[in-house]
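Here the structure is laid out as structure tokens; the discussion comes afterwards.
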Protein chains: 2
Amino acid sequence: MNTEERTFERYLRSQGLKFTVQRKLILRKVFAMHDHFEADDLATEFRLEGKKLSRATVYRTLPLLVQCGLIREVQFGENHAHYEQTMGHQHHDHLICVTCGKVVEFCDDSIEQLQDDVCAKHGFQLESHSLEIKGYCNHCWKRICSSASSVSTRDDEERAR
Amino acid sequence: MNTEERTFERYLRSQGLKFTVQRKLILRKVFAMHDHFEADDLATEFRLEGKKLSRATVYRTLPLLVQCGLIREVQFGENHAHYEQTMGHQHHDHLICVTCGKVVEFCDDSIEQLQDDVCAKHGFQLESHSLEIKGYCNHCWKRICSSASSVSTRDDEERAR
DNA sequence: GTGCTTGCAAACCCTTTGCAAGATG
DNA sequence: CATCTTGCAAAGGGTTTGCAAGCAC
């Protein structure tokens with residue numbers, strides 16, 4: 001059993017909850033995901049692998065993983081939840097390309113520091129923060145500049161897959 | 001006709017769209033709102049005033065107002081959209097109390113500058129950004145510290161209304 | 001008139017929940 | 001064996017959409 005599993009099990013027991021097969025499978029899948037994922041991504045993968053694990057269980061388990069600090073919820077401006085691992089990933093924020101949807105992670109200590117200052121100034125006790133910058137990535141920006149008439153949108157990209 | 005209306009009308013015409021009664025009513029209501037609002041807030045107000053204006057029309061109109069720059073969408077970590085006016089409101093970000101839900105607006109030029117730098121470093125062309133800091137407001141933090149056993153949650157606050 | 005808009009209701013997506021059957025400690 | 005958990009399917013919010021009737025230009 002690895003670190004995440006021990007952390008999760010300890011958390012569950014501390015709450016009088018049980019470390020079930022399903023919860024273990026979800027934990028493993030979450031830690032096998034690269035980058036960001038949605039609740040539905042997990043459910044779909046389980047279905048594809050032929051593992052019986054209902055959407056409801058996924059939706060019930062993710063908040064537990066958030067509560068014990070193994071994952072965090074991130075906002076990408078869409079009206080549904082996205083998650084990412086916290087372990088082995090220091091805190092970071094996201095740059096999102098509004099054209100192709102590409103997400104770039106970045107970390108900036110100065111910004112973090114200034115956020116602490118803002119909190120202090122307004123008498124807030126900081127708990128978490130999320131900074132989401134939207135713009136055009138290098139690739140898309142060049143394409144827009146070179147041919148303003150035929151811009152590929154995120155929809156086009158998705159259709160192309 | 002005031003500035004917002006002229007802006008909206010000009011935008012609509014430029015797109016071959018029409019400046020209907022409903023669109024004018026929604027625009028006015030939006031500019032009569034204080035702070036932040038949700039699509040449903042508008043629909044509900046119209047209903048209360050006895051004005052016939054369907055939810056569908058509100059949902060169809062808000063994106064138009066975003067596209068012409070009169071309002072912007074803001075994320076508060078809930079899985080549905082919130083909006084705020086842009087005119088007369090310089091760019092700002094939000095501090096959100098995780099306990100009582102209070103939202104405080106703030107503006108920090110240094111943070112803005114650093115965001116520009118981050119974009120430049122990653123070859124992004126900045127389009128917009130949103131910084132959302134969650135924490136405990138002064139009031140809630142004191143209450144938590146003084147009585148760790150009886151913390152009022154946002155749910156409690158809502159129930160109390 | 002032509003074409004964009006509206007209202008309605010149904011559909012949609014993401015998420016939550018009640019319940020009876022099944023697992024866990 | 002008491003309790004927590006699961007899967008199912010139904011319900012729940014917020015949002016979108018097809019369609020026929022209604023307006024704007």
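Identifiers in the structure tokens: chain A, B, ... in order shown; residue index from 1 per chain; ligand index from 1 in order shown.
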All residues 12 Å or closer to DA10 (chain D), only C-alpha atoms (C1' of nucleotides), same chain fewer than 2 positions away omitted, as a list of chain:residue names = C:DT16, C:DT17, C:DG18, C:DC19, D:DC8, D:DG12
Interface list for chain C, partner chain B, 9 Å threshold, only C-alpha atoms (C1' of nucleotides), as number ranges by chain | C: 4-8, 14
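Of the listed residues (B:Glu105, B:Glu73, B:Asp40, B:Glu9), B:Glu73 comes nearest to His129 (chain B); the distances count only C-alpha atoms.
Between chain A and chain B, which have the same sequence, the C-alpha root-mean-square deviation after superposition works out to 0.2 Å.
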Write out as a PyMOL selection string all residues of chain B that DSSP puts in alpha helix (DSSP H) for this structure's backbone.
-> chain B and resi 3-14+21-32+39-48+55-67+109-121+138-146+154-160
Interface residues on chain D facing chain B, 12 Å, only C-alpha atoms (C1' of nucleotides), written as an MDAnalysis selection string | chainID D and resid 13:17 23:25
Taking the DSSP assignment computed from this structure's backbone, write out as an NGL selection string all residues of region 2-148 of chain B that belong to strand (DSSP E or B).
-> :B and (37 or 71-74 or 82-85 or 93-97 or 103-106 or 125-136)
For chain A, list the residues within 7 Å of chain B, counting only C-alpha atoms, and write the list as a ChimeraX atom specification.
-> /A:75,77,79-81,111,114,123-138
